[in-house]
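Text of target22.pdb, listed as PDB, C-alpha atoms:
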```pdb
ATOM      1  CA  MET B 138       0.000   0.000   0.000
ATOM      2  CA  ILE B 139       1.146   3.512  -0.730
ATOM      3  CA  TYR B 140       0.234   6.207   1.758
ATOM      4  CA  GLU B 141       0.535   9.842   0.815
ATOM      5  CA  VAL B 142       1.913  11.908   3.680
ATOM      6  CA  PHE B 143       0.982  15.510   4.354
ATOM      7  CA  ARG B 144       2.708  17.451   7.058
ATOM      8  CA  GLN B 145       1.962  20.566   9.045
ATOM      9  CA  GLU B 146       4.971  22.583  10.022
ATOM     10  CA  ARG B 147       3.317  24.751  12.646
ATOM     11  CA  LYS B 148      -0.106  24.783  14.271
ATOM     12  CA  GLY B 149      -2.582  26.692  12.130
ATOM     13  CA  GLN B 150      -0.633  26.317   8.901
ATOM     14  CA  PRO B 151      -1.981  24.337   5.959
ATOM     15  CA  PHE B 152      -0.890  20.740   5.530
ATOM     16  CA  GLN B 153       1.417  20.257   2.565
ATOM     17  CA  HIS B 154       2.294  17.157   0.656
ATOM     18  CA  ALA B 155       5.570  15.789   2.028
ATOM     19  CA  GLY B 156       5.976  12.547   0.123
ATOM     20  CA  SER B 157       4.763   8.999   0.464
ATOM     21  CA  VAL B 158       5.562   5.780   2.285
ATOM     22  CA  VAL B 159       5.056   2.189   1.222
ATOM     23  CA  ALA B 160       3.681   0.118   4.090
ATOM     24  CA  PRO B 161       1.633  -3.060   4.470
ATOM     25  CA  ASP B 162      -0.973  -1.382   6.702
ATOM     26  CA  GLU B 163      -1.800   1.746   8.668
ATOM     27  CA  ARG B 164       0.267   0.823  11.713
ATOM     28  CA  PHE B 165       3.405   0.374   9.644
ATOM     29  CA  ALA B 166       2.573   3.530   7.718
ATOM     30  CA  GLU B 167       2.303   5.489  10.957
ATOM     31  CA  ILE B 168       5.696   4.358  12.212
ATOM     32  CA  TYR B 169       7.343   4.958   8.857
ATOM     33  CA  ALA B 170       5.780   8.393   8.409
ATOM     34  CA  ARG B 171       6.799   9.387  11.939
ATOM     35  CA  GLU B 172      10.376   8.365  11.295
ATOM     36  CA  GLN B 173      10.619   9.930   7.845
ATOM     37  CA  TYR B 174       8.703  13.148   8.316
ATOM     38  CA  GLY B 175       8.669  13.779  12.052
ATOM     39  CA  ARG B 176      11.832  12.656  13.741
ATOM     40  CA  ARG B 177      13.613  15.982  13.330
ATOM     41  CA  GLN B 178      10.761  17.919  14.919
ATOM     42  CA  GLU B 179       9.962  19.293  11.462
ATOM     43  CA  SER B 180       6.235  18.576  11.769
ATOM     44  CA  VAL B 181       3.592  19.173  14.407
ATOM     45  CA  ALA B 182       1.089  16.873  12.684
ATOM     46  CA  LEU B 183       0.926  14.434   9.789
ATOM     47  CA  TRP B 184      -1.952  13.235   7.636
ATOM     48  CA  LEU B 185      -1.721   9.783   6.108
ATOM     49  CA  VAL B 186      -3.951   9.099   3.139
ATOM     50  CA  PRO B 187      -4.082   5.805   1.251
ATOM     51  CA  ARG B 188      -3.249   6.689  -2.328
ATOM     52  CA  GLU B 189      -6.434   5.101  -3.654
ATOM     53  CA  ALA B 190      -8.460   7.465  -1.464
ATOM     54  CA  VAL B 191      -7.081  10.393  -3.419
ATOM     55  CA  HIS B 192      -9.405  11.417  -6.236
ATOM     56  CA  GLU B 193      -7.228  12.940  -8.875
ATOM     57  CA  ILE B 194      -8.368  15.273 -11.649
ATOM     58  CA  ASP B 195      -5.791  16.011 -14.282
ATOM     59  CA  GLU B 196      -7.645  17.113 -17.408
ATOM     60  CA  PHE B 197      -8.685  20.692 -17.962
ATOM     61  CA  PRO B 198      -9.833  21.211 -21.584
ATOM     62  CA  ASP B 199      -9.546  24.744 -22.938
ATOM     63  CA  GLU B 200     -10.846  24.372 -26.504
ATOM     64  CA  PHE B 201     -11.923  27.967 -26.995
ATOM     65  CA  ASP B 202      -8.881  29.650 -25.485
ATOM     66  CA  LEU B 203     -10.808  31.519 -22.825
ATOM     67  CA  LYS B 204      -7.677  33.218 -21.645
ATOM     68  CA  TYR B 205      -9.520  36.042 -19.933
ATOM     69  CA  ARG B 206     -10.442  33.471 -17.247
ATOM     70  CA  ARG B 207      -6.841  32.849 -16.420
ATOM     71  CA  VAL B 208      -4.869  34.960 -14.035
ATOM     72  CA  ASP B 209      -2.114  35.385 -16.570
ATOM     73  CA  GLY B 210      -4.564  36.083 -19.435
ATOM     74  CA  TYR B 211      -5.071  39.730 -18.664
ATOM     75  CA  SER B 212      -1.997  41.841 -18.204
ATOM     76  CA  ILE B 213      -2.820  44.933 -16.168
ATOM     77  CA  LYS B 214       0.667  46.299 -16.749
ATOM     78  CA  ALA B 215       0.335  46.187 -20.560
ATOM     79  CA  ARG B 216      -3.140  47.682 -20.461
ATOM     80  CA  LEU B 217      -2.026  50.523 -18.224
ATOM     81  CA  HIS B 218       0.918  51.244 -20.470
ATOM     82  CA  GLU B 219      -1.358  51.299 -23.482
ATOM     83  CA  ALA B 220      -3.801  53.632 -21.760
ATOM     84  CA  ARG B 221      -1.030  56.018 -20.746
ATOM     85  CA  GLU B 222       0.352  56.195 -24.285
ATOM     86  CA  LYS B 223      -3.095  56.897 -25.596
ATOM     87  CA  ALA B 224      -3.756  59.638 -23.045
ATOM     88  CA  LEU B 225      -0.483  61.425 -23.858
ATOM     89  CA  SER B 226      -0.824  61.277 -27.637
ATOM     90  CA  SER B 227      -4.483  62.243 -27.975
ATOM     91  CA  GLU B 228      -5.900  65.767 -27.988
ATOM     92  CA  PRO B 229      -7.107  67.106 -24.647
ATOM     93  CA  ARG B 230     -10.789  66.579 -24.348
ATOM     94  CA  ALA B 231     -13.100  69.521 -24.338
ATOM     95  CA  PRO B 232     -14.177  70.347 -20.782
ATOM     96  CA  ASN B 233     -17.583  69.104 -19.843
ATOM     97  CA  GLN B 234     -20.309  71.557 -20.381
ATOM     98  CA  PRO B 235     -22.317  72.359 -17.273
TER      99      PRO B 235
ATOM    100  CA  MET L 194      31.760   2.519  42.008
ATOM    101  CA  ASN L 195      28.362   2.957  43.614
ATOM    102  CA  ALA L 196      25.333   0.900  42.640
ATOM    103  CA  GLY L 197      23.645   3.822  40.883
ATOM    104  CA  VAL L 198      26.594   4.430  38.558
ATOM    105  CA  GLU L 199      26.955   0.736  37.910
ATOM    106  CA  LEU L 200      23.309   0.575  36.893
ATOM    107  CA  LEU L 201      23.694   3.589  34.574
ATOM    108  CA  LEU L 202      26.679   1.964  32.871
ATOM    109  CA  THR L 203      24.870  -1.350  32.532
ATOM    110  CA  ILE L 204      21.915   0.170  30.734
ATOM    111  CA  ALA L 205      24.105   2.522  28.714
ATOM    112  CA  ASP L 206      26.203  -0.416  27.474
ATOM    113  CA  ASP L 207      23.037  -2.310  26.491
ATOM    114  CA  GLU L 208      21.734   0.670  24.548
ATOM    115  CA  LEU L 209      25.051   1.480  22.868
ATOM    116  CA  VAL L 210      25.751  -2.052  21.715
ATOM    117  CA  LEU L 211      22.166  -2.726  20.610
ATOM    118  CA  GLY L 212      22.216   0.604  18.759
ATOM    119  CA  TRP L 213      25.344  -0.563  16.936
ATOM    120  CA  ARG L 214      23.888  -3.952  16.163
ATOM    121  CA  ASN L 215      20.660  -2.467  14.816
ATOM    122  CA  SER L 216      22.589   0.056  12.756
ATOM    123  CA  GLU L 217      24.179  -2.845  10.891
ATOM    124  CA  TRP L 218      20.920  -2.929   8.917
ATOM    125  CA  THR L 219      21.369   0.603   7.630
ATOM    126  CA  GLY L 220      21.341   0.401   3.856
ATOM    127  CA  ILE L 221      20.396  -3.287   3.706
ATOM    128  CA  ALA L 222      17.082  -3.539   5.600
ATOM    129  CA  PRO L 223      14.310  -5.422   3.757
ATOM    130  CA  PHE L 224      12.853  -2.235   2.268
ATOM    131  CA  LEU L 225      13.530   1.475   2.239
ATOM    132  CA  GLU L 226      10.948   2.645   4.789
ATOM    133  CA  GLU L 227      12.095   0.003   7.240
ATOM    134  CA  ASP L 228      15.683   0.969   6.610
ATOM    135  CA  VAL L 229      14.975   4.563   7.636
ATOM    136  CA  ALA L 230      12.827   3.564  10.622
ATOM    137  CA  PHE L 231      15.191   0.932  11.975
ATOM    138  CA  SER L 232      18.210   3.195  11.543
ATOM    139  CA  SER L 233      16.367   5.924  13.412
ATOM    140  CA  ILE L 234      15.577   3.525  16.248
ATOM    141  CA  ALA L 235      19.241   2.523  16.352
ATOM    142  CA  GLN L 236      20.200   6.177  16.588
ATOM    143  CA  ASN L 237      17.731   6.721  19.439
ATOM    144  CA  GLU L 238      19.309   3.854  21.381
ATOM    145  CA  ILE L 239      22.727   5.420  20.981
ATOM    146  CA  GLY L 240      21.223   8.737  22.111
ATOM    147  CA  HIS L 241      19.930   7.032  25.258
ATOM    148  CA  ALA L 242      23.373   5.549  25.825
ATOM    149  CA  ARG L 243      24.907   9.015  25.575
ATOM    150  CA  ALA L 244      22.495  10.500  28.118
ATOM    151  CA  LEU L 245      23.207   7.647  30.535
ATOM    152  CA  TYR L 246      26.986   7.819  30.044
ATOM    153  CA  GLU L 247      26.852  11.559  30.715
ATOM    154  CA  LEU L 248      25.152  10.982  34.050
ATOM    155  CA  ALA L 249      27.674   8.289  34.961
ATOM    156  CA  ALA L 250      30.580  10.414  33.716
ATOM    157  CA  ALA L 251      29.585  13.302  35.982
ATOM    158  CA  GLU L 252      29.793  10.929  38.970
ATOM    159  CA  LEU L 253      33.063   9.380  37.862
ATOM    160  CA  GLY L 254      34.800  12.585  36.757
ATOM    161  CA  THR L 255      35.211  11.459  33.150
ATOM    162  CA  THR L 256      33.361  11.952  29.844
ATOM    163  CA  ALA L 257      30.663  10.064  27.970
ATOM    164  CA  ASP L 258      33.057   9.390  25.069
ATOM    165  CA  GLU L 259      35.682   7.887  27.345
ATOM    166  CA  LEU L 260      33.113   5.599  28.909
ATOM    167  CA  ALA L 261      31.666   4.591  25.563
ATOM    168  CA  PHE L 262      34.901   3.994  23.677
ATOM    169  CA  ASP L 263      37.961   3.859  25.909
ATOM    170  CA  ARG L 264      37.189   0.768  27.976
ATOM    171  CA  ARG L 265      38.371  -2.734  27.117
ATOM    172  CA  PRO L 266      35.730  -5.074  25.630
ATOM    173  CA  GLU L 267      35.708  -7.165  28.817
ATOM    174  CA  GLU L 268      34.788  -4.109  30.873
ATOM    175  CA  TYR L 269      31.445  -3.621  29.106
ATOM    176  CA  ARG L 270      28.434  -4.678  31.130
ATOM    177  CA  CYS L 271      25.997  -5.211  28.287
ATOM    178  CA  ALA L 272      23.827  -8.316  28.244
ATOM    179  CA  PRO L 273      24.948 -11.050  25.829
ATOM    180  CA  LEU L 274      21.597 -10.636  24.021
ATOM    181  CA  VAL L 275      22.724  -7.350  22.492
ATOM    182  CA  GLN L 276      26.226  -8.592  21.714
ATOM    183  CA  LEU L 277      25.057 -11.234  19.250
ATOM    184  CA  ARG L 278      25.437 -10.512  15.581
ATOM    185  CA  ARG L 279      22.310 -11.805  13.918
ATOM    186  CA  LEU L 280      21.900 -10.329  10.473
ATOM    187  CA  GLU L 281      18.734 -12.248   9.782
ATOM    188  CA  TRP L 282      15.490 -10.324   9.898
ATOM    189  CA  ALA L 283      13.373 -12.720  11.996
ATOM    190  CA  ARG L 284      16.140 -12.881  14.627
ATOM    191  CA  THR L 285      16.623  -9.147  14.513
ATOM    192  CA  ILE L 286      12.920  -8.575  15.118
ATOM    193  CA  ALA L 287      12.827 -11.261  17.821
ATOM    194  CA  ARG L 288      15.791  -9.666  19.598
ATOM    195  CA  HIS L 289      14.342  -6.184  19.199
ATOM    196  CA  TRP L 290      11.001  -7.277  20.638
ATOM    197  CA  LEU L 291      12.536  -9.315  23.497
ATOM    198  CA  TYR L 292      14.850  -6.449  24.404
ATOM    199  CA  GLU L 293      12.102  -3.822  24.289
ATOM    200  CA  THR L 294       9.836  -6.006  26.419
ATOM    201  CA  ALA L 295      12.595  -6.543  28.985
ATOM    202  CA  ASP L 296      13.560  -2.878  28.834
ATOM    203  CA  GLU L 297       9.984  -1.792  29.557
ATOM    204  CA  ILE L 298       9.987  -3.942  32.698
ATOM    205  CA  ARG L 299      13.367  -2.560  33.742
ATOM    206  CA  LEU L 300      12.391   1.058  33.063
ATOM    207  CA  GLY L 301       9.146   0.538  34.995
ATOM    208  CA  ALA L 302      11.220  -0.460  38.027
ATOM    209  CA  LEU L 303      13.660   2.436  37.538
ATOM    210  CA  LYS L 304      10.931   5.056  37.255
ATOM    211  CA  ALA L 305      10.112   4.197  40.873
ATOM    212  CA  SER L 306      13.759   4.771  41.929
ATOM    213  CA  ASP L 307      14.536   6.970  44.961
ATOM    214  CA  ASP L 308      17.266   8.654  42.941
ATOM    215  CA  PRO L 309      15.534  11.502  41.081
ATOM    216  CA  ALA L 310      18.197  11.555  38.321
ATOM    217  CA  ILE L 311      17.637   7.864  37.584
ATOM    218  CA  ALA L 312      13.841   8.082  37.844
ATOM    219  CA  GLY L 313      13.911  11.130  35.560
ATOM    220  CA  ILE L 314      16.036   9.633  32.811
ATOM    221  CA  ALA L 315      14.061   6.376  32.968
ATOM    222  CA  ALA L 316      10.822   8.287  32.389
ATOM    223  CA  LYS L 317      12.394  10.218  29.518
ATOM    224  CA  MET L 318      13.743   7.079  27.853
ATOM    225  CA  ASP L 319      10.444   5.305  28.320
ATOM    226  CA  ARG L 320       8.594   7.981  26.342
ATOM    227  CA  GLU L 321      10.832   7.333  23.337
ATOM    228  CA  GLU L 322      10.967   3.570  23.850
ATOM    229  CA  ALA L 323       7.175   3.585  23.528
ATOM    230  CA  TYR L 324       7.654   4.104  19.764
ATOM    231  CA  HIS L 325      10.261   1.369  19.603
ATOM    232  CA  ARG L 326       7.776  -0.944  21.276
ATOM    233  CA  MET L 327       5.083   0.061  18.773
ATOM    234  CA  HIS L 328       7.495  -0.828  15.990
ATOM    235  CA  ALA L 329       8.441  -4.169  17.576
ATOM    236  CA  GLU L 330       4.836  -5.093  18.358
ATOM    237  CA  MET L 331       3.561  -4.382  14.864
ATOM    238  CA  TRP L 332       6.270  -6.638  13.455
ATOM    239  CA  VAL L 333       5.407  -9.394  15.919
ATOM    240  CA  ASP L 334       1.740  -9.153  14.887
ATOM    241  CA  ARG L 335       2.733  -9.252  11.258
ATOM    242  CA  LEU L 336       4.928 -12.317  11.711
ATOM    243  CA  LEU L 337       2.328 -14.105  13.853
ATOM    244  CA  ALA L 338      -0.284 -13.528  11.153
ATOM    245  CA  SER L 339       1.224 -15.977   8.673
ATOM    246  CA  GLU L 340       2.363 -19.547   9.069
ATOM    247  CA  GLU L 341       5.844 -18.911   7.776
ATOM    248  CA  GLY L 342       6.239 -15.744   9.837
ATOM    249  CA  ARG L 343       5.058 -17.459  12.996
ATOM    250  CA  ALA L 344       7.436 -20.382  12.486
ATOM    251  CA  ARG L 345      10.391 -18.097  11.882
ATOM    252  CA  LEU L 346       9.597 -15.834  14.833
ATOM    253  CA  ASN L 347       9.133 -18.808  17.164
ATOM    254  CA  GLU L 348      12.393 -20.360  16.084
ATOM    255  CA  ALA L 349      14.229 -17.070  16.624
ATOM    256  CA  VAL L 350      12.616 -16.466  20.027
ATOM    257  CA  ASP L 351      13.515 -19.972  21.206
ATOM    258  CA  GLU L 352      17.111 -19.414  20.189
ATOM    259  CA  LEU L 353      17.319 -16.035  21.909
ATOM    260  CA  TRP L 354      15.208 -16.788  24.983
ATOM    261  CA  PRO L 355      18.082 -17.676  27.382
ATOM    262  CA  TYR L 356      19.792 -14.439  26.300
ATOM    263  CA  ALA L 357      16.613 -12.394  26.789
ATOM    264  CA  LEU L 358      16.288 -13.664  30.369
ATOM    265  CA  GLY L 359      19.856 -12.506  30.957
ATOM    266  CA  VAL L 360      18.906  -8.856  30.333
ATOM    267  CA  LEU L 361      17.052  -8.675  33.640
ATOM    268  CA  ASP L 362      17.920  -9.391  37.241
ATOM    269  CA  ASP L 363      16.478 -12.514  38.893
ATOM    270  CA  GLU L 364      13.458 -10.804  40.377
ATOM    271  CA  LEU L 365      12.256  -9.300  37.087
ATOM    272  CA  ARG L 366      12.651 -12.436  34.946
ATOM    273  CA  PRO L 367       9.284 -14.032  35.804
ATOM    274  CA  GLU L 368       7.535 -10.891  34.520
ATOM    275  CA  LEU L 369       9.402 -11.135  31.215
ATOM    276  CA  ARG L 370       8.384 -14.780  30.886
ATOM    277  CA  ARG L 371       4.763 -13.930  31.707
ATOM    278  CA  ARG L 372       4.567 -11.163  29.088
ATOM    279  CA  ALA L 373       6.392 -13.078  26.364
ATOM    280  CA  GLU L 374       4.336 -16.242  26.844
ATOM    281  CA  GLU L 375       1.092 -14.298  26.848
ATOM    282  CA  ARG L 376       2.049 -12.489  23.672
ATOM    283  CA  LEU L 377       3.160 -15.589  21.791
ATOM    284  CA  GLY L 378       0.362 -17.749  23.173
ATOM    285  CA  ARG L 379       2.701 -20.567  24.162
ATOM    286  CA  ARG L 380       5.079 -21.695  26.890
ATOM    287  CA  LEU L 381       8.734 -20.802  26.536
ATOM    288  CA  PRO L 382      11.446 -23.289  27.458
ATOM    289  CA  GLY L 383      12.706 -23.413  31.043
ATOM    290  CA  VAL L 384      16.355 -22.599  30.470
ATOM    291  CA  GLU L 385      19.288 -21.116  32.321
ATOM    292  CA  PRO L 386      19.715 -17.421  31.496
ATOM    293  CA  VAL L 387      22.902 -16.271  29.763
ATOM    294  CA  PRO L 388      23.798 -13.576  32.274
ATOM    295  CA  ARG L 389      25.731 -10.340  32.114
ATOM    296  CA  GLY L 390      29.443 -10.741  32.473
ATOM    297  CA  VAL L 391      29.504 -13.298  29.671
ATOM    298  CA  HIS L 392      31.316 -11.813  26.703
ATOM    299  CA  GLU L 393      30.489 -13.325  23.354
ATOM    300  CA  ALA L 394      33.281 -13.440  20.779
ATOM    301  CA  GLU L 395      31.183 -11.101  18.654
ATOM    302  CA  LEU L 396      31.557  -8.323  21.220
ATOM    303  CA  ALA L 397      35.335  -8.117  20.707
ATOM    304  CA  GLU L 398      34.760  -7.858  16.956
ATOM    305  CA  LEU L 399      32.187  -5.135  17.424
ATOM    306  CA  TRP L 400      34.486  -3.285  19.818
ATOM    307  CA  GLU L 401      37.265  -3.297  17.224
ATOM    308  CA  GLU L 402      34.970  -1.714  14.714
ATOM    309  CA  MET L 403      33.226   0.651  17.120
ATOM    310  CA  THR L 404      36.406   2.137  18.563
ATOM    311  CA  MET L 405      38.577   2.009  15.439
ATOM    312  CA  VAL L 406      38.290   5.648  14.443
ATOM    313  CA  ARG L 407      38.721   6.922  17.967
ATOM    314  CA  ARG L 408      41.782   4.739  18.536
ATOM    315  CA  SER L 409      43.309   5.933  15.267
ATOM    316  CA  ALA L 410      43.475   9.510  16.542
ATOM    317  CA  PRO L 411      45.880  10.778  19.211
ATOM    318  CA  ALA L 412      44.466  10.802  22.735
ATOM    319  CA  GLY L 413      42.623  14.000  23.491
ATOM    320  CA  ALA L 414      41.753  14.714  19.839
ATOM    321  CA  ARG L 415      38.743  16.979  19.524
ATOM    322  CA  TRP L 416      36.054  16.026  17.023
TER     323      TRP L 416
END
```

Before we go any further, please render this structure as C-alpha cells.
Amino acid sequence: MIYEVFRQERKGQPFQHAGSVVAPDERFAEIYAREQYGRRQESVALWLVPREAVHEIDEFPDEFDLKYRRVDGYSIKARLHEAREKALSSEPRAPNQP
Amino acid sequence: MNAGVELLLTIADDELVLGWRNSEWTGIAPFLEEDVAFSSIAQNEIGHARALYELAAAELGTTADELAFDRRPEEYRCAPLVQLRRLEWARTIARHWLYETADEIRLGALKASDDPAIAGIAAKMDREEAYHRMHAEMWVDRLLASEEGRARLNEAVDELWPYALGVLDDELRPELRRRAEERLGRRLPGVEPVPRGVHEAELAELWEEMTMVRRSAPAGARW
C-alpha cells in the first residue's frame, strides 16, 4: 500500500504534501511516516492518506482559449501602459459643459 | 563505584551495543521505509546511551566518550543478548522485541527509583521507547499472522530466549516470561539465562569496529 503523507509545520498552517511511504498497513505507515517526516521535529502533525483514497483530476480542456479566465490572461501592466500612451498622444478633451 | 553508577553503565552499554547492532541494517534492511525507521531507532538507542553515560561520567569525573569507547571489551556490562550478531530479519525482530519487552519492565522499576536523576532519565527514555515498542509489536503481529512468519519468529525467540532472560535481574525475569508467553500464546522453554558478564566473541569484533576511528586519533583529539 502507498500512503501519501501531508505534514503541518506549525499549528494553524496548511498541511502540505511531504511525500509517500510504502507500508503493508496503517500501523506500519504510521511508524514509517513518523520516522521519515517527524523525527527531526519538522512537523507538528501528519496526515496519512491511502493513495487510492485520493481522487485525482488532471484534465482541464480549454478548446476555446478563454484566456480572460486565467490569471495570466489579462496583463494589467500592458493595459495601463497602453492607456497612458493613448492619453499622452491624444488631444485634450473639451471640458464638460455644465 | 556505587550501585547507581553501575546501573547507569549497565543500561548505557546495552543501549550502545544494541544501537550498533541495529545500525548494521542501515542500507540493507528489507525495504527502504524500514531501513529509515530501523536506523532511526538505532540512533535513538545510541542517544539514550549518551544520556546515561553523561550521568555516569559526571559521577566518575570522566566523559561520555571515554566511557563509551575507551574501555576494554571485557569491561562492558551489556547483556549477551545485544552482543550477538544476527543479520537475519526474523532474529533481529525477535531480539528487538525481546529487548524492548525486557527494557519496559526494567524502566518501569527504575521510574520508581529513589534517585531523582535515575527516575527522571528512565521516564524520559520510556517515552521514546514507547515508539520502539510500537514498531516491535507491529512486526510481531505481522509475523504471527502468517504460518511462515510465525514459524520463523518462534524459532528465533527460542534461540534467543536464554539471552533475553539474561537482560534482567532474577526478580524481574518471571515478569518477562509472563509477558512473552502471553504475547506468543505458548510456553517458553525453562532454560538457564545467559547472564551479564559473559562476553560473546562477537563483542570483541564489534568493539574493534566501534572504537577504530577513535583509537586511530591521538588521545585528546577533539572532534

Next item on the list: Pull out every residue of chain B that has at least one atom within 10 Å of chain L, counting all atoms listed in the file, and report them as JSON, numbers by chain.
Entry: {"B": [157, 158, 159, 160, 161, 162, 164, 165, 166, 167, 168, 169, 170, 171, 172, 173, 176]}

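Here CA of Leu337 in chain L stands at a distance of 11.3 Å from CA of Ala283 in chain L.
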
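Between CA of Pro386 in chain L and CA of Ile204 in chain L lies a distance of 17.7 Å.
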
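Nearest-residue note for Trp184 in chain B: choosing from B:Val142, B:His154, B:Ala220, B:Lys204, the minimum distance belongs to B:Val142, counting all atoms listed in the file.
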
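Residues in contact with Leu346 in chain L at up to 12 Å, not including ones fewer than 5 positions away on its chain and judged by all atoms listed in the file, are Glu281, Trp282, Ala283, Arg284, Thr285, Ile286, Ala287, Arg288, His289, Trp290, Leu291, Trp332, Val333, Asp334, Arg335, Leu336, Leu337, Ala338, Ser339, Glu340, Glu341, Asp351, Glu352, Leu353, Trp354 and Leu377 of chain L.
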
Can you translate the PyMOL selection byres ((chain L and resi 262) around 8) into the concrete residues it hits in this file, as an MDAnalysis selection string?
chainID L and resid 258:261 263:264 403:404 407

Counting all atoms listed in the file, closest pick from L:Thr219, L:Thr294, L:Gln276, L:Asn237 relative to Arg366 in chain L is L:Thr294

**Asked** How would you write as a VMD selection string the residues that get within 10 Å of (19.2, 0.6, 41.4) in the file's frame, counting only C-alpha atoms?
**Response** chain L and resid 195 to 201 302 to 303 305 to 308 311 to 312

Q.
I'd like the contact shell of Pro355 in chain L - 9 Å cut-off, all atoms listed in the file, skipping same-chain residues fewer than 3 positions apart - returned as a list in words.
A. Leu274, Asp351, Glu352, Leu358, Gly359, Pro382, Gly383, Val384, Glu385, Pro386, Val387 and Pro388 of chain L

As a check of understanding: the span from CA of Leu217 in chain B to CA of Glu200 in chain B is 28.8 Å

Quick one: 8 Å padding each side, axis-aligned, all listed atoms of range 165-180 of chain B - centre and edge lengths in Å to one decimal, as JSON?
```
{"center_x": 8.0, "center_y": 9.8, "center_z": 11.3, "size_x": 27.3, "size_y": 34.9, "size_z": 23.2}
```

task: Up to 10 Å from (5.0, 16.5, 6.7) in the file's coordinates: name the residues, counting only C-alpha atoms, as a list in words.
output: Glu141, Val142, Phe143, Arg144, Gln145, Glu146, Phe152, Gln153, His154, Ala155, Gly156, Ser157, Ala170, Arg171, Gln173, Tyr174, Gly175, Glu179, Ser180, Val181, Ala182, Leu183, Trp184 and Leu185 of chain B

Would you kindly return, as a short mmCIF file (atom, residue, chain, number, x, y, z; two decimals) with C-alpha atoms, in the coordinates of the input, each protein, DNA or RNA residue with an atom no farther than 7 Å from any atom of Val360 in chain L, considering all atoms listed in the file and excluding same-chain residues fewer than 4 positions away?
```cif
data_model
loop_
_atom_site.label_atom_id
_atom_site.label_comp_id
_atom_site.auth_asym_id
_atom_site.auth_seq_id
_atom_site.Cartn_x
_atom_site.Cartn_y
_atom_site.Cartn_z
CA ALA L 272 23.83 -8.32 28.24
CA ALA L 295 12.60 -6.54 28.98
CA TYR L 356 19.79 -14.44 26.30
#
```

Of L:Leu399, L:Ile298, L:Ala349, L:Ala315, the one sitting nearest Glu364 in chain L when using all atoms listed in the file is L:Ile298

Reconstructed N, CA and C atoms for range 139-154 of chain B, given as a PDB file, in the frame of the given file:
```pdb
ATOM      1  N   ILE B 139       0.426   2.238  -0.764  1.00  0.00           N
ATOM      2  CA  ILE B 139       1.146   3.512  -0.730  1.00  0.00           C
ATOM      3  C   ILE B 139       0.304   4.512   0.046  1.00  0.00           C
ATOM      4  N   TYR B 140       0.911   5.156   0.997  1.00  0.00           N
ATOM      5  CA  TYR B 140       0.234   6.207   1.758  1.00  0.00           C
ATOM      6  C   TYR B 140       0.875   7.545   1.419  1.00  0.00           C
ATOM      7  N   GLU B 141       0.030   8.492   1.047  1.00  0.00           N
ATOM      8  CA  GLU B 141       0.535   9.842   0.815  1.00  0.00           C
ATOM      9  C   GLU B 141       0.624  10.532   2.175  1.00  0.00           C
ATOM     10  N   VAL B 142       1.705  11.263   2.380  1.00  0.00           N
ATOM     11  CA  VAL B 142       1.913  11.908   3.680  1.00  0.00           C
ATOM     12  C   VAL B 142       1.879  13.423   3.511  1.00  0.00           C
ATOM     13  N   PHE B 143       1.067  14.053   4.330  1.00  0.00           N
ATOM     14  CA  PHE B 143       0.982  15.510   4.354  1.00  0.00           C
ATOM     15  C   PHE B 143       1.459  15.948   5.729  1.00  0.00           C
ATOM     16  N   ARG B 144       2.221  17.029   5.741  1.00  0.00           N
ATOM     17  CA  ARG B 144       2.708  17.451   7.058  1.00  0.00           C
ATOM     18  C   ARG B 144       2.399  18.913   7.334  1.00  0.00           C
ATOM     19  N   GLN B 145       2.213  19.203   8.604  1.00  0.00           N
ATOM     20  CA  GLN B 145       1.962  20.566   9.045  1.00  0.00           C
ATOM     21  C   GLN B 145       3.180  21.008   9.832  1.00  0.00           C
ATOM     22  N   GLU B 146       3.724  22.153   9.400  1.00  0.00           N
ATOM     23  CA  GLU B 146       4.971  22.583  10.022  1.00  0.00           C
ATOM     24  C   GLU B 146       4.733  23.279  11.355  1.00  0.00           C
ATOM     25  N   ARG B 147       3.674  24.081  11.392  1.00  0.00           N
ATOM     26  CA  ARG B 147       3.317  24.751  12.646  1.00  0.00           C
ATOM     27  C   ARG B 147       1.807  24.744  12.786  1.00  0.00           C
ATOM     28  N   LYS B 148       1.337  24.758  14.019  1.00  0.00           N
ATOM     29  CA  LYS B 148      -0.106  24.783  14.271  1.00  0.00           C
ATOM     30  C   LYS B 148      -0.744  25.930  13.486  1.00  0.00           C
ATOM     31  N   GLY B 149      -1.867  25.649  12.843  1.00  0.00           N
ATOM     32  CA  GLY B 149      -2.582  26.692  12.130  1.00  0.00           C
ATOM     33  C   GLY B 149      -2.191  26.804  10.675  1.00  0.00           C
ATOM     34  N   GLN B 150      -1.041  26.240  10.307  1.00  0.00           N
ATOM     35  CA  GLN B 150      -0.633  26.317   8.901  1.00  0.00           C
ATOM     36  C   GLN B 150      -1.273  25.201   8.089  1.00  0.00           C
ATOM     37  N   PRO B 151      -1.386  25.409   6.774  1.00  0.00           N
ATOM     38  CA  PRO B 151      -1.981  24.337   5.959  1.00  0.00           C
ATOM     39  C   PRO B 151      -1.060  23.119   5.890  1.00  0.00           C
ATOM     40  N   PHE B 152      -1.673  21.957   5.737  1.00  0.00           N
ATOM     41  CA  PHE B 152      -0.890  20.740   5.530  1.00  0.00           C
ATOM     42  C   PHE B 152      -0.372  20.751   4.098  1.00  0.00           C
ATOM     43  N   GLN B 153       0.860  20.315   3.914  1.00  0.00           N
ATOM     44  CA  GLN B 153       1.417  20.257   2.565  1.00  0.00           C
ATOM     45  C   GLN B 153       1.937  18.863   2.279  1.00  0.00           C
ATOM     46  N   HIS B 154       1.835  18.487   1.026  1.00  0.00           N
ATOM     47  CA  HIS B 154       2.294  17.157   0.656  1.00  0.00           C
ATOM     48  C   HIS B 154       3.782  17.026   0.936  1.00  0.00           C
TER      49      HIS B 154
END
```
